[in-house]
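**Q** Got a structure here, written out as structure tokens. Questions coming.
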Amino acid sequence: MYRKKKTVALLLAGGQGSRLGALTARRAKPAVTYGGKYRIIDFTLSNCTHSGIDTVGVLTQYRPLELNTYIGTGQAWDLDTITGGAYVLPPFARVTGGDWYAGTADAINQNASFVDQFDPDTVLILSGDHIYKMNYKWMIAYHEEKKADATIAVISVPIADASRFGIMNTDTEMRITEFKEKPKHPKSTLASMGVYVFNWKTLRHYMEKDRTLAGSTHDFGKDIIPAMLAGGERMFAYEYGGYWRDVGTIESLWEANMELISQAPPLNLYDDPWRIFARNENDPPQYIDAHAKVTNSIICEGCTIFGTVEHSVLSAGVIVEEDALVRDSIIMSGTYIGRNSRVLKSILDEEVLVGEGALVGADPVDALTGALGGFTAAGAGVPEGYDPNVPITVVEKGARIEKGAVIEAGKEVRA
């Protein structure tokens with residue numbers, strides 16, 4: 001019998017992240033690299049640690065090997081304690097058979113026995129694919145103060161973007177009066193962050209009812225939350241005013257990384273009291289050659305730079321050879337950039353090889369002339385000197401780009 005816990009966290013980390021294309025061809029979205037040395041899931045796990053939540057179930061499904069290996073025992077996040085831990089929870093076979101997780105609520109319901117071991121008062125349901133720093137203790141305290149059955153963390157979004165989120169209306173006390181998942185015509189700009197606090201017994205009751213309901217998608221936003229509202233449960237919105245990013249598209253992932261090297265980054269990764277923990281290899285120090293040029297970039301450990309790196313984020317162990325140029329790009333671990341090559345506004349996954357003289361992210365016209373085009377006067381929020389209309393080029397993990405090859409801007413290169 002496990003020791004009783006006031007709160008157990010359940011982290012939904014099984015998403016495919018299909019909008020990230022080649023970057024999630026071999027891994028789940030929460031395992032995608034961010035900021036040079038982090039995985040997306042590091043932020044949620046670190047938030048749990050800082051919030052004093054030491055029992056975290058990580059629900060995996062799509063291509064789980066890399067994520068499972070990365071989480072391990074949870075030691076990197078100080079979650080390998082005697083009284084708690086990080087528990088990887090994939091779908092499993094039962095006496096009556098086994099099924100993949102059919103929806104977010106079904107994923108939690110299939111692991112109800114895991115939660116029951118700790119007899120919690122509340123469960124904290126989290127998404128493993130957002131970038132933010134949040135003290136969940138404050139949200140749980142708010143939930144208790146309101147005597148709520150469910151509390152949903154919300155941010156205010158532009159009305160033009162509201163159709164991408166679960167949107168709710170509230171009264172003056174922030175009690176939720178209406179909720180609609182991705183409405184075509186939103187009535188509000190209060191958007192769900194995918195962070196929920198539920199009274200466990202109440203949630204378990206609604207999940208059991210939903211489990212056998214014909215036509216249900218077994219989803220929190222589409223089924224459980226509307227059912228709880230219809231049942232008259234006390235449901236409240238918890239307003240969050242900090243940085244929060246959904247990095248579910250190539251564009252949003254690139255932008256979030258570029259924000260880290262802006263003059264005033266909206267997300268502080270150097271905040272020692274709220275450090276983001278990560279599992280990293282013990283790489284040697286970076287080396288920057290006397291003839292290299294590095295400006296406005298993040299260069300992680302183990303990198304060797306002989307060429308030029310401008311306004312880019314390089315993960316561990318990247319090599320940039322002499323006379324090569326990397327500009328406005330994200331380069332993931334173990335990638336090799338050959339001599340005289342050019343990588344422009346691109347995301348290169350791990351262990352990519354760019355051959356000598358290759359051009360990745362080239363404007364079709366400039367590729368013919370050999371010029372480094374696409375750079376004009378910058379607008380607000382874009383890198384200085386860069387034309388925001390140039391699309392992002394993406395190269396899959398392990399791909400080989402031949403010597404002298406030209407990869408046009410916006411192309412996706414598969415291994």
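Residues are named by chain letter and number: chains run A, B, ... in the order of the structure tokens, numbers start at 1 in each chain, and ligands are numbered from 1 in the order shown.
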List the spatial neighbours of Glu259 of chain A as a list in words - criterion: any atom at most 12 Å away, only C-alpha atoms, same-chain residues fewer than 4 positions off excluded.
**A** Tyr34, Gly35, Tyr243, Arg245, Ser252, Leu253, Trp254, Glu255, Gln263, Ala264, Pro265, Pro266, Leu267, Asn268, Leu269, Asn296, Ser297, Ile298, His311, Ser312, Val313, Asp328, Gly381, Val382 and Pro383 of chain A
**Q** Which segment 112-177 of chain A residues have any atom within 12 Å of an atom of segment 216-222 of chain A, and for each, what is the nearest pair of atoms with distance in Å to one decimal, counting only C-alpha atoms, rows sorted by chain and number, as a tab-separated table?
**A**
residue	atom	partner	partner_atom	distance
A:Ile125	CA	A:Phe220	CA	10.0
A:Leu126	CA	A:Phe220	CA	11.5
A:Ser127	CA	A:Phe220	CA	11.8
A:Ala150	CA	A:Phe220	CA	11.4
A:Ile152	CA	A:Gly221	CA	10.6
A:Phe165	CA	A:Gly221	CA	9.4
A:Gly166	CA	A:Gly221	CA	6.5
A:Ile167	CA	A:Gly221	CA	9.4
A:Met168	CA	A:Gly221	CA	10.5
**Q** Would you output that residue set with all heavy atoms, as a PDB file, in the first residue's frame?
**A**
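The result, written out as result.pdb:
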ATOM      1  N   ILE A 125      -4.142  17.215 -13.807  1.00  0.00           N
ATOM      2  CA  ILE A 125      -4.008  16.679 -15.168  1.00  0.00           C
ATOM      3  C   ILE A 125      -3.248  17.697 -16.001  1.00  0.00           C
ATOM      4  O   ILE A 125      -3.643  18.868 -16.091  1.00  0.00           O
ATOM      5  CB  ILE A 125      -5.386  16.411 -15.808  1.00  0.00           C
ATOM      6  CG1 ILE A 125      -6.282  15.590 -14.864  1.00  0.00           C
ATOM      7  CG2 ILE A 125      -5.220  15.710 -17.150  1.00  0.00           C
ATOM      8  CD1 ILE A 125      -5.801  14.211 -14.572  1.00  0.00           C
ATOM      9  N   LEU A 126      -2.163  17.246 -16.633  1.00  0.00           N
ATOM     10  CA  LEU A 126      -1.266  18.151 -17.357  1.00  0.00           C
ATOM     11  C   LEU A 126      -1.005  17.645 -18.768  1.00  0.00           C
ATOM     12  O   LEU A 126      -1.071  16.454 -19.043  1.00  0.00           O
ATOM     13  CB  LEU A 126       0.075  18.253 -16.622  1.00  0.00           C
ATOM     14  CG  LEU A 126       0.018  18.664 -15.152  1.00  0.00           C
ATOM     15  CD1 LEU A 126       1.358  18.400 -14.479  1.00  0.00           C
ATOM     16  CD2 LEU A 126      -0.372  20.124 -15.030  1.00  0.00           C
ATOM     17  N   SER A 127      -0.680  18.573 -19.637  1.00  0.00           N
ATOM     18  CA  SER A 127      -0.236  18.228 -20.981  1.00  0.00           C
ATOM     19  C   SER A 127       1.285  18.314 -21.008  1.00  0.00           C
ATOM     20  O   SER A 127       1.868  19.243 -20.443  1.00  0.00           O
ATOM     21  CB  SER A 127      -0.834  19.196 -22.009  1.00  0.00           C
ATOM     22  OG  SER A 127      -0.278  18.966 -23.289  1.00  0.00           O
ATOM     23  N   ALA A 150     -13.824  21.121 -10.070  1.00  0.00           N
ATOM     24  CA  ALA A 150     -12.838  21.159 -11.150  1.00  0.00           C
ATOM     25  C   ALA A 150     -12.373  22.589 -11.345  1.00  0.00           C
ATOM     26  O   ALA A 150     -13.162  23.532 -11.224  1.00  0.00           O
ATOM     27  CB  ALA A 150     -13.436  20.624 -12.450  1.00  0.00           C
ATOM     28  N   ILE A 152      -9.839  24.898 -14.068  1.00  0.00           N
ATOM     29  CA  ILE A 152      -9.131  24.884 -15.347  1.00  0.00           C
ATOM     30  C   ILE A 152      -8.262  26.133 -15.440  1.00  0.00           C
ATOM     31  O   ILE A 152      -8.749  27.255 -15.281  1.00  0.00           O
ATOM     32  CB  ILE A 152     -10.117  24.864 -16.536  1.00  0.00           C
ATOM     33  CG1 ILE A 152     -11.052  23.654 -16.422  1.00  0.00           C
ATOM     34  CG2 ILE A 152      -9.363  24.836 -17.861  1.00  0.00           C
ATOM     35  CD1 ILE A 152     -12.167  23.649 -17.472  1.00  0.00           C
ATOM     36  N   PHE A 165      -8.615  26.647 -29.343  1.00  0.00           N
ATOM     37  CA  PHE A 165      -8.557  26.239 -27.947  1.00  0.00           C
ATOM     38  C   PHE A 165      -9.940  25.861 -27.415  1.00  0.00           C
ATOM     39  O   PHE A 165     -10.956  26.147 -28.027  1.00  0.00           O
ATOM     40  CB  PHE A 165      -8.007  27.382 -27.087  1.00  0.00           C
ATOM     41  CG  PHE A 165      -6.622  27.833 -27.458  1.00  0.00           C
ATOM     42  CD1 PHE A 165      -6.427  28.872 -28.356  1.00  0.00           C
ATOM     43  CD2 PHE A 165      -5.518  27.211 -26.910  1.00  0.00           C
ATOM     44  CE1 PHE A 165      -5.151  29.294 -28.700  1.00  0.00           C
ATOM     45  CE2 PHE A 165      -4.230  27.632 -27.246  1.00  0.00           C
ATOM     46  CZ  PHE A 165      -4.052  28.662 -28.140  1.00  0.00           C
ATOM     47  N   GLY A 166      -9.935  25.246 -26.231  1.00  0.00           N
ATOM     48  CA  GLY A 166     -11.168  25.123 -25.469  1.00  0.00           C
ATOM     49  C   GLY A 166     -11.461  26.485 -24.851  1.00  0.00           C
ATOM     50  O   GLY A 166     -10.619  27.035 -24.144  1.00  0.00           O
ATOM     51  N   ILE A 167     -12.639  27.023 -25.133  1.00  0.00           N
ATOM     52  CA  ILE A 167     -12.980  28.389 -24.717  1.00  0.00           C
ATOM     53  C   ILE A 167     -14.124  28.340 -23.711  1.00  0.00           C
ATOM     54  O   ILE A 167     -15.076  27.581 -23.867  1.00  0.00           O
ATOM     55  CB  ILE A 167     -13.375  29.249 -25.934  1.00  0.00           C
ATOM     56  CG1 ILE A 167     -12.192  29.373 -26.893  1.00  0.00           C
ATOM     57  CG2 ILE A 167     -13.877  30.623 -25.514  1.00  0.00           C
ATOM     58  CD1 ILE A 167     -11.003  30.128 -26.346  1.00  0.00           C
ATOM     59  N   MET A 168     -14.029  29.199 -22.679  1.00  0.00           N
ATOM     60  CA  MET A 168     -15.071  29.202 -21.649  1.00  0.00           C
ATOM     61  C   MET A 168     -15.537  30.605 -21.330  1.00  0.00           C
ATOM     62  O   MET A 168     -14.810  31.587 -21.517  1.00  0.00           O
ATOM     63  CB  MET A 168     -14.560  28.503 -20.392  1.00  0.00           C
ATOM     64  CG  MET A 168     -13.410  29.180 -19.706  1.00  0.00           C
ATOM     65  SD  MET A 168     -12.428  28.002 -18.750  1.00  0.00           S
ATOM     66  CE  MET A 168     -11.518  27.165 -20.049  1.00  0.00           C
TER      67      MET A 168
END
**Q** Name the residues in contact with Leu325 of chain A at a cut-off of 7 Å, using only C-alpha atoms, excluding same-chain residues fewer than 4 positions from it; report them as a tab-separated table (two decimals) with all heavy atoms, in the first residue's frame.
**A**
chain	number	residue	atom	x	y	z
A	307	GLY	N	33.19	27.71	-38.12
A	307	GLY	CA	32.58	28.62	-39.08
A	307	GLY	C	31.82	29.74	-38.40
A	307	GLY	O	32.21	30.24	-37.33
A	308	THR	N	30.69	30.13	-38.99
A	308	THR	CA	29.90	31.27	-38.51
A	308	THR	C	28.52	30.81	-38.06
A	308	THR	O	27.83	30.07	-38.78
A	308	THR	CB	29.74	32.33	-39.63
A	308	THR	OG1	31.04	32.79	-40.01
A	308	THR	CG2	28.90	33.50	-39.17
A	309	VAL	N	28.12	31.24	-36.88
A	309	VAL	CA	26.79	30.94	-36.34
A	309	VAL	C	26.15	32.25	-35.95
A	309	VAL	O	26.69	33.00	-35.12
A	309	VAL	CB	26.86	30.00	-35.11
A	309	VAL	CG1	25.46	29.71	-34.58
A	309	VAL	CG2	27.58	28.70	-35.48
A	341	SER	N	29.20	25.12	-46.36
A	341	SER	CA	27.76	24.89	-46.49
A	341	SER	C	27.01	26.05	-45.84
A	341	SER	O	27.57	26.86	-45.09
A	341	SER	CB	27.37	23.57	-45.83
A	341	SER	OG	27.76	23.55	-44.48
A	342	ARG	N	25.70	26.15	-46.14
A	342	ARG	CA	24.85	27.21	-45.62
A	342	ARG	C	23.56	26.58	-45.09
A	342	ARG	O	22.90	25.80	-45.80
A	342	ARG	CB	24.49	28.23	-46.71
A	342	ARG	CG	25.69	28.90	-47.40
A	342	ARG	CD	26.37	29.89	-46.46
A	342	ARG	NE	27.42	30.63	-47.14
A	342	ARG	CZ	28.71	30.28	-47.14
A	342	ARG	NH1	29.08	29.16	-46.53
A	342	ARG	NH2	29.60	31.02	-47.75
A	343	VAL	N	23.19	26.93	-43.85
A	343	VAL	CA	21.94	26.48	-43.27
A	343	VAL	C	21.19	27.73	-42.84
A	343	VAL	O	21.63	28.45	-41.94
A	343	VAL	CB	22.17	25.54	-42.07
A	343	VAL	CG1	20.83	25.12	-41.46
A	343	VAL	CG2	22.97	24.31	-42.50
**Q** Excluding Thr24 of chain A and residues on its chain fewer than 3 positions from it, collect all residues at most 10 Å away from it, counting only C-alpha atoms, and give them as a list in words.
**A**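 Non-adjacent residues within range: Gly15, Gln16, Gly17, Ser18, Arg19, Leu20, Gly21, Arg27, Ala28, Lys29, Pro30, Ala31, Val32, Tyr62, Arg63, Asp349, Glu396 and Lys397 of chain A.
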**Q** Pick from A:Phe118, A:Phe306, A:Tyr142, A:Tyr132: nearest to Thr83 of chain A, with only C-alpha atoms counted?
**A**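 With only C-alpha atoms as the atom set, the closest residue is A:Phe118.
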**Q** Go through A:Ala278, A:Met235, A:Ile299, A:Leu23 and flag the residue nearest His143 of chain A, using only C-alpha atoms for the distances.
**A**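 Among the listed residues, the smallest separation from His143 of chain A belongs to A:Met235.
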**Q** Excluding Ile276 of chain A and its own-chain neighbours fewer than 5 positions away, which residues fall within 8 Å of it when counting only C-alpha atoms? Please give them as a PyMOL selection string.
**A** chain A and resi 42-43+46-47+269
**Q** Take the residues that were just selected and, keeping all heavy atoms, output them as an mmCIF file, in the first residue's frame.
**A**
data_model
loop_
_atom_site.group_PDB
_atom_site.id
_atom_site.type_symbol
_atom_site.label_atom_id
_atom_site.label_comp_id
_atom_site.auth_asym_id
_atom_site.auth_seq_id
_atom_site.Cartn_x
_atom_site.Cartn_y
_atom_site.Cartn_z
ATOM 1 N N ASP A 42 10.318 18.602 -20.143
ATOM 2 C CA ASP A 42 11.081 19.063 -18.987
ATOM 3 C C ASP A 42 10.358 20.153 -18.203
ATOM 4 O O ASP A 42 10.520 20.252 -16.977
ATOM 5 C CB ASP A 42 12.442 19.603 -19.427
ATOM 6 C CG ASP A 42 13.392 18.507 -19.866
ATOM 7 O OD1 ASP A 42 13.268 17.373 -19.363
ATOM 8 O OD2 ASP A 42 14.254 18.784 -20.713
ATOM 9 N N PHE A 43 9.592 20.984 -18.904
ATOM 10 C CA PHE A 43 8.949 22.116 -18.243
ATOM 11 C C PHE A 43 7.842 21.653 -17.300
ATOM 12 O O PHE A 43 7.741 22.122 -16.167
ATOM 13 C CB PHE A 43 8.440 23.104 -19.294
ATOM 14 C CG PHE A 43 9.567 23.845 -19.948
ATOM 15 C CD1 PHE A 43 10.298 23.271 -20.978
ATOM 16 C CD2 PHE A 43 9.929 25.103 -19.513
ATOM 17 C CE1 PHE A 43 11.370 23.929 -21.550
ATOM 18 C CE2 PHE A 43 10.997 25.768 -20.078
ATOM 19 C CZ PHE A 43 11.726 25.188 -21.102
ATOM 20 N N SER A 46 9.503 19.753 -14.354
ATOM 21 C CA SER A 46 10.167 20.697 -13.450
ATOM 22 C C SER A 46 9.148 21.479 -12.638
ATOM 23 O O SER A 46 9.356 21.738 -11.438
ATOM 24 C CB SER A 46 11.060 21.651 -14.250
ATOM 25 O OG SER A 46 12.090 20.952 -14.916
ATOM 26 N N ASN A 47 8.044 21.857 -13.267
ATOM 27 C CA ASN A 47 6.973 22.547 -12.537
ATOM 28 C C ASN A 47 6.458 21.689 -11.387
ATOM 29 O O ASN A 47 6.182 22.188 -10.293
ATOM 30 C CB ASN A 47 5.818 22.888 -13.482
ATOM 31 C CG ASN A 47 6.148 24.016 -14.438
ATOM 32 O OD1 ASN A 47 7.078 24.790 -14.215
ATOM 33 N ND2 ASN A 47 5.388 24.105 -15.520
ATOM 34 N N LEU A 269 15.257 31.426 -18.740
ATOM 35 C CA LEU A 269 15.813 30.111 -18.449
ATOM 36 C C LEU A 269 16.934 30.189 -17.410
ATOM 37 O O LEU A 269 17.486 29.161 -17.025
ATOM 38 C CB LEU A 269 16.346 29.465 -19.732
ATOM 39 C CG LEU A 269 15.301 29.087 -20.785
ATOM 40 C CD1 LEU A 269 15.977 28.479 -22.001
ATOM 41 C CD2 LEU A 269 14.268 28.123 -20.218
#
**Q** Could you pull out the residues in segment 216-396 of chain A that DSSP calls strand (DSSP E or B) from the backbone, as a ChimeraX atom specification?
**A** /A:235-239,244-246,287-288,293-295,298-299,304-305,308-310,313-314,319-320,325-327,330-331,336-337,342-344,346-348,353-354,359-362,393-395
**Q** Return the single residue from A:Thr44, A:Asn135, A:Thr7, A:Asn109 that is closest to Thr212 of chain A, with distances computed using only C-alpha atoms.
**A**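 The answer is A:Asn109, which sits nearest to Thr212 of chain A.
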**Q** Which residue out of A:Lys133, A:Asp78, A:Ala86, A:Thr33 has the minimum interatomic distance to Val58 of chain A when only C-alpha atoms are used?
**A**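 The shortest atom-to-atom distance to Val58 of chain A comes from A:Ala86.
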**Q** With only C-alpha atoms as the basis for distance, which of A:Thr393, A:Thr170, A:Ser262, A:Gln110 is at the shortest distance from Ile407 of chain A?
**A**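 Of the candidates, the smallest distance to Ile407 of chain A is held by A:Thr393.
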